[in-house]
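Asker: data.pdb is the file, holding PDB, C-alpha atoms:
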MODEL        1
ATOM      1  CA  MET A  11     113.804 123.334  80.544
ATOM      2  CA  SER A  12     111.609 125.051  83.135
ATOM      3  CA  GLU A  13     111.026 123.478  86.527
ATOM      4  CA  VAL A  14     107.325 123.120  85.715
ATOM      5  CA  ASN A  15     108.230 121.116  82.598
ATOM      6  CA  VAL A  16     110.682 118.951  84.537
ATOM      7  CA  ILE A  17     108.014 118.112  87.115
ATOM      8  CA  ALA A  18     105.422 117.415  84.383
ATOM      9  CA  GLU A  19     107.852 115.098  82.571
ATOM     10  CA  LYS A  20     108.586 113.260  85.815
ATOM     11  CA  LEU A  21     104.848 112.775  86.394
ATOM     12  CA  ILE A  22     104.416 111.478  82.832
ATOM     13  CA  SER A  23     107.250 108.953  83.050
ATOM     14  CA  GLU A  24     106.222 107.774  86.504
ATOM     15  CA  GLY A  25     102.608 107.406  85.383
ATOM     16  CA  GLU A  26     103.640 105.317  82.377
ATOM     17  CA  LYS A  27     105.810 103.144  84.610
ATOM     18  CA  PHE A  28     102.917 102.429  86.965
ATOM     19  CA  VAL A  29     100.478 101.702  84.148
ATOM     20  CA  GLY A  30     102.937  99.080  82.929
ATOM     21  CA  ILE A  31     103.361  97.574  86.383
ATOM     22  CA  PHE A  32      99.653  97.460  87.168
ATOM     23  CA  SER A  33      98.711  96.181  83.706
ATOM     24  CA  ALA A  34     101.067  93.205  84.093
ATOM     25  CA  LEU A  35      99.600  91.947  87.380
ATOM     26  CA  THR A  36      97.675  88.691  87.518
ATOM     27  CA  ASP A  37      94.201  88.450  89.044
ATOM     28  CA  GLU A  38      95.748  86.751  92.071
ATOM     29  CA  GLN A  39      98.356  89.497  92.568
ATOM     30  CA  TRP A  40      95.673  92.191  92.738
ATOM     31  CA  GLN A  41      94.489  90.596  95.984
ATOM     32  CA  THR A  42      97.968  90.536  97.566
ATOM     33  CA  GLU A  43      97.932  92.328 100.898
ATOM     34  CA  VAL A  44     100.314  95.283 101.103
ATOM     35  CA  TYR A  45      99.263  96.896 104.388
ATOM     36  CA  THR A  46      97.673  95.109 107.322
ATOM     37  CA  GLU A  47      97.797  97.724 110.079
ATOM     38  CA  GLY A  48      94.378  99.261 110.489
ATOM     39  CA  ALA A  49      92.361  98.608 107.351
ATOM     40  CA  THR A  50      93.927  95.923 105.160
ATOM     41  CA  TRP A  51      94.976  97.230 101.753
ATOM     42  CA  THR A  52      95.610  95.024  98.763
ATOM     43  CA  ILE A  53      97.475  96.093  95.636
ATOM     44  CA  ARG A  54      94.071  97.027  94.214
ATOM     45  CA  ASN A  55      93.494  99.364  97.174
ATOM     46  CA  VAL A  56      96.869 100.998  96.548
ATOM     47  CA  LEU A  57      95.963 101.745  92.922
ATOM     48  CA  SER A  58      92.614 103.111  94.074
ATOM     49  CA  HIS A  59      94.517 105.283  96.548
ATOM     50  CA  PHE A  60      96.772 106.600  93.760
ATOM     51  CA  VAL A  61      93.686 107.704  91.827
ATOM     52  CA  THR A  62      91.643 109.190  94.647
ATOM     53  CA  SER A  63      94.460 110.908  96.499
ATOM     54  CA  GLU A  64      95.827 112.507  93.341
ATOM     55  CA  ARG A  65      92.392 113.736  92.285
ATOM     56  CA  GLY A  66      91.750 115.254  95.688
ATOM     57  CA  LEU A  67      95.199 116.777  95.999
ATOM     58  CA  VAL A  68      95.108 118.485  92.608
ATOM     59  CA  LYS A  69      91.771 120.059  93.577
ATOM     60  CA  LEU A  70      93.400 121.220  96.805
ATOM     61  CA  PHE A  71      96.429 122.568  94.904
ATOM     62  CA  GLU A  72      94.177 124.568  92.602
ATOM     63  CA  GLN A  73      92.342 125.993  95.615
ATOM     64  CA  ILE A  74      95.715 127.074  97.019
ATOM     65  CA  ARG A  75      96.789 128.482  93.652
ATOM     66  CA  GLN A  76      93.616 130.570  93.640
ATOM     67  CA  GLY A  77      94.457 132.041  97.055
ATOM     68  CA  GLY A  78      92.955 129.466  99.420
ATOM     69  CA  SER A  79      94.758 128.250 102.504
ATOM     70  CA  GLY A  80      94.716 124.525 101.730
ATOM     71  CA  ALA A  81      93.772 121.579 103.922
ATOM     72  CA  ALA A  82      91.854 122.286 107.112
ATOM     73  CA  ASP A  83      93.720 121.853 110.396
ATOM     74  CA  ASP A  84      91.373 119.024 111.390
ATOM     75  CA  PHE A  85      91.643 117.163 108.054
ATOM     76  CA  SER A  86      92.088 113.425 108.621
ATOM     77  CA  ILE A  87      94.062 111.582 105.955
ATOM     78  CA  ASP A  88      92.849 108.241 107.311
ATOM     79  CA  ARG A  89      89.167 109.242 107.185
ATOM     80  CA  TYR A  90      89.596 110.653 103.676
ATOM     81  CA  ASN A  91      91.363 107.533 102.386
ATOM     82  CA  GLU A  92      88.728 105.253 103.897
ATOM     83  CA  SER A  93      85.869 107.214 102.332
ATOM     84  CA  GLN A  94      87.579 107.227  98.946
ATOM     85  CA  GLN A  95      88.202 103.464  99.021
ATOM     86  CA  LYS A  96      84.456 102.963  99.409
ATOM     87  CA  LYS A  97      83.804 105.081  96.306
ATOM     88  CA  THR A  98      86.005 102.915  94.090
ATOM     89  CA  GLN A  99      85.510  99.450  95.572
ATOM     90  CA  ASP A 100      83.153  98.248  92.841
ATOM     91  CA  LEU A 101      85.217  99.366  89.859
ATOM     92  CA  PRO A 102      86.777  96.582  87.782
ATOM     93  CA  VAL A 103      90.584  96.629  87.778
ATOM     94  CA  ALA A 104      90.775  97.558  84.077
ATOM     95  CA  GLU A 105      88.541 100.550  84.729
ATOM     96  CA  LEU A 106      90.660 101.564  87.712
ATOM     97  CA  ILE A 107      93.806 101.482  85.536
ATOM     98  CA  GLU A 108      92.070 103.690  82.959
ATOM     99  CA  LEU A 109      91.003 106.034  85.736
ATOM    100  CA  TYR A 110      94.607 106.218  86.917
ATOM    101  CA  LYS A 111      95.756 107.070  83.390
ATOM    102  CA  SER A 112      93.159 109.819  82.958
ATOM    103  CA  THR A 113      93.781 111.207  86.448
ATOM    104  CA  ARG A 114      97.518 111.396  85.805
ATOM    105  CA  ALA A 115      96.917 113.037  82.403
ATOM    106  CA  GLU A 116      94.716 115.662  84.077
ATOM    107  CA  THR A 117      97.408 116.239  86.716
ATOM    108  CA  VAL A 118     100.082 116.719  84.056
ATOM    109  CA  THR A 119      97.841 119.202  82.226
ATOM    110  CA  TRP A 120      97.279 121.130  85.456
ATOM    111  CA  VAL A 121     100.982 121.156  86.362
ATOM    112  CA  SER A 122     101.939 122.187  82.815
ATOM    113  CA  GLY A 123      99.645 125.191  83.148
ATOM    114  CA  LEU A 124     101.449 126.533  86.210
ATOM    115  CA  GLN A 125     103.612 129.618  86.013
ATOM    116  CA  GLU A 126     107.078 129.161  87.526
ATOM    117  CA  SER A 127     106.258 131.794  90.138
ATOM    118  CA  GLU A 128     103.188 129.827  91.271
ATOM    119  CA  LEU A 129     105.465 127.053  92.545
ATOM    120  CA  GLU A 130     106.302 129.444  95.403
ATOM    121  CA  ILE A 131     102.685 129.808  96.594
ATOM    122  CA  ILE A 132     102.327 128.550 100.147
ATOM    123  CA  GLY A 133      99.425 126.550 101.520
ATOM    124  CA  ARG A 134      98.622 123.678 103.837
ATOM    125  CA  HIS A 135      99.109 120.143 102.555
ATOM    126  CA  PRO A 136      97.361 117.356 104.529
ATOM    127  CA  PHE A 137     100.658 115.520 105.142
ATOM    128  CA  LEU A 138     103.443 118.052 104.558
ATOM    129  CA  GLU A 139     101.542 120.791 106.397
ATOM    130  CA  THR A 140     102.537 124.361 105.438
ATOM    131  CA  THR A 141     104.765 124.350 102.349
ATOM    132  CA  THR A 142     105.035 125.520  98.735
ATOM    133  CA  LEU A 143     103.074 124.230  95.777
ATOM    134  CA  ARG A 144     106.444 123.045  94.428
ATOM    135  CA  GLU A 145     106.855 120.625  97.334
ATOM    136  CA  MET A 146     103.224 119.558  97.188
ATOM    137  CA  VAL A 147     103.387 118.711  93.493
ATOM    138  CA  LYS A 148     106.682 116.852  93.904
ATOM    139  CA  MET A 149     105.053 114.847  96.690
ATOM    140  CA  LEU A 150     102.644 113.381  94.104
ATOM    141  CA  TYR A 151     105.362 111.201  92.631
ATOM    142  CA  ILE A 152     107.306 110.724  95.872
ATOM    143  CA  HIS A 153     104.094 109.451  97.497
ATOM    144  CA  ASN A 154     103.608 106.860  94.758
ATOM    145  CA  GLN A 155     107.253 105.783  94.976
ATOM    146  CA  VAL A 156     106.865 105.101  98.702
ATOM    147  CA  HIS A 157     103.874 102.853  98.048
ATOM    148  CA  TYR A 158     105.695 101.200  95.129
ATOM    149  CA  ARG A 159     108.548 100.236  97.452
ATOM    150  CA  ASP A 160     105.992  98.467  99.663
ATOM    151  CA  LEU A 161     104.364  96.796  96.632
ATOM    152  CA  LYS A 162     107.700  95.407  95.481
ATOM    153  CA  LYS A 163     108.264  93.820  98.894
ATOM    154  CA  VAL A 164     105.024  91.824  98.755
ATOM    155  CA  LEU A 165     105.395  90.840  95.113
ATOM    156  CA  LYS A 166     108.769  89.123  95.600
TER     157      LYS A 166
ENDMDL
END
Can the structure in the file be given as structure tokens, please?

Answerer:
Amino acid sequence: MSEVNVIAEKLISEGEKFVGIFSALTDEQWQTEVYTEGATWTIRNVLSHFVTSERGLVKLFEQIRQGGSGAADDFSIDRYNESQQKKTQDLPVAELIELYKSTRAETVTWVSGLQESELEIIGRHPFLETTTLREMVKMLYIHNQVHYRDLKKVLK
């Protein structure tokens, strides 16, 4: 199996796992605070972050694939995340879950369309800085796993 297919399969299985986790939460659990440094983020904010960060990153990855340099040197992850939270704050949870599912499906389609050689393209990621598309795409599921670890702590 090609590396592109392995990554796509990993994104599919991880996406399905998170849909199951988020779909099983009670109304009360959605309001559980996960992060309290800076802006307070509830579990709902984390799901919103999954959607908005993945959408933005895949657009960035495509720009890099097309020959662009990637994220600007002065890009602020915190400012971006704050602005994106505002865009999704009024969405009902069920709609946010559906948005996560469609965003992940679009990501898998994009990844599946990559040529193996394109994984070597270098650009600037907002967190990883200068690296390959391979590492950037892998970071999509690593990023969610990091947040999931924090979610598990508050749900115990």

Asker: Enumerate, as a PDB file with C-alpha atoms, keeping the file's coordinate frame, the residues matched when the PyMOL selection byres ((chain A and resi 18) around 12) is run on the file above.

Answerer:
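Wrote out-v4.pdb, looks like this:
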ATOM      1  CA  MET A  11     113.804 123.334  80.544  1.00  0.00           C
ATOM      2  CA  SER A  12     111.609 125.051  83.135  1.00  0.00           C
ATOM      3  CA  GLU A  13     111.026 123.478  86.527  1.00  0.00           C
ATOM      4  CA  VAL A  14     107.325 123.120  85.715  1.00  0.00           C
ATOM      5  CA  ASN A  15     108.230 121.116  82.598  1.00  0.00           C
ATOM      6  CA  VAL A  16     110.682 118.951  84.537  1.00  0.00           C
ATOM      7  CA  ILE A  17     108.014 118.112  87.115  1.00  0.00           C
ATOM      8  CA  GLU A  19     107.852 115.098  82.571  1.00  0.00           C
ATOM      9  CA  LYS A  20     108.586 113.260  85.815  1.00  0.00           C
ATOM     10  CA  LEU A  21     104.848 112.775  86.394  1.00  0.00           C
ATOM     11  CA  ILE A  22     104.416 111.478  82.832  1.00  0.00           C
ATOM     12  CA  SER A  23     107.250 108.953  83.050  1.00  0.00           C
ATOM     13  CA  GLU A  24     106.222 107.774  86.504  1.00  0.00           C
ATOM     14  CA  GLY A  25     102.608 107.406  85.383  1.00  0.00           C
ATOM     15  CA  ARG A 114      97.518 111.396  85.805  1.00  0.00           C
ATOM     16  CA  ALA A 115      96.917 113.037  82.403  1.00  0.00           C
ATOM     17  CA  GLU A 116      94.716 115.662  84.077  1.00  0.00           C
ATOM     18  CA  THR A 117      97.408 116.239  86.716  1.00  0.00           C
ATOM     19  CA  VAL A 118     100.082 116.719  84.056  1.00  0.00           C
ATOM     20  CA  THR A 119      97.841 119.202  82.226  1.00  0.00           C
ATOM     21  CA  TRP A 120      97.279 121.130  85.456  1.00  0.00           C
ATOM     22  CA  VAL A 121     100.982 121.156  86.362  1.00  0.00           C
ATOM     23  CA  SER A 122     101.939 122.187  82.815  1.00  0.00           C
ATOM     24  CA  GLY A 123      99.645 125.191  83.148  1.00  0.00           C
ATOM     25  CA  LEU A 124     101.449 126.533  86.210  1.00  0.00           C
ATOM     26  CA  ARG A 144     106.444 123.045  94.428  1.00  0.00           C
ATOM     27  CA  VAL A 147     103.387 118.711  93.493  1.00  0.00           C
ATOM     28  CA  LYS A 148     106.682 116.852  93.904  1.00  0.00           C
ATOM     29  CA  LEU A 150     102.644 113.381  94.104  1.00  0.00           C
ATOM     30  CA  TYR A 151     105.362 111.201  92.631  1.00  0.00           C
TER      31      TYR A 151
END

Asker: Just the number, please: distance in Å from CA of Asp83 in chain A to CA of Thr52 in chain A, one decimal.

Answerer: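 According to the coordinates, CA of Asp83 in chain A and CA of Thr52 in chain A are separated by 29.3 Å.
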
Asker: Go through the shown structure with the PyMOL selection byres ((chain A and resi 165) around 10) and write out the matching residues as a PyMOL selection string.

Answerer: chain A and resi 35+39+42-44+53+160-164+166

Asker: Output C-alpha atoms for every residue in the selection just made, as a PDB file, keeping the file's coordinate frame.

Answerer:
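This is the output file again-v2.pdb:
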ATOM      1  CA  LEU A  35      99.600  91.947  87.380  1.00  0.00           C
ATOM      2  CA  GLN A  39      98.356  89.497  92.568  1.00  0.00           C
ATOM      3  CA  THR A  42      97.968  90.536  97.566  1.00  0.00           C
ATOM      4  CA  GLU A  43      97.932  92.328 100.898  1.00  0.00           C
ATOM      5  CA  VAL A  44     100.314  95.283 101.103  1.00  0.00           C
ATOM      6  CA  ILE A  53      97.475  96.093  95.636  1.00  0.00           C
ATOM      7  CA  ASP A 160     105.992  98.467  99.663  1.00  0.00           C
ATOM      8  CA  LEU A 161     104.364  96.796  96.632  1.00  0.00           C
ATOM      9  CA  LYS A 162     107.700  95.407  95.481  1.00  0.00           C
ATOM     10  CA  LYS A 163     108.264  93.820  98.894  1.00  0.00           C
ATOM     11  CA  VAL A 164     105.024  91.824  98.755  1.00  0.00           C
ATOM     12  CA  LYS A 166     108.769  89.123  95.600  1.00  0.00           C
TER      13      LYS A 166
END

Asker: Report, in Å to a single decimal, how far apart CA of Thr141 in chain A and CA of Ala81 in chain A are.

Answerer: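 Taking CA of Ala81 in chain A as the start and CA of Thr141 in chain A as the end point, the length is 11.4 Å.
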
Asker: Measuring atom to atom with only C-alpha atoms, identify which of A:Ser112, A:Ser58, A:Gln73, A:Gln41 is nearest to Gln95 in chain A.

Answerer: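 Residue with the minimum atom-to-atom distance to Gln95 in chain A: A:Ser58.
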
Asker: Measuring between only C-alpha atoms, which one of A:Ala104, A:Thr50, A:His59, A:Ser86 shows the shortest distance to Ala34 in chain A?

Answerer: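 Ranked by minimum distance to Ala34 in chain A, first place goes to A:Ala104.
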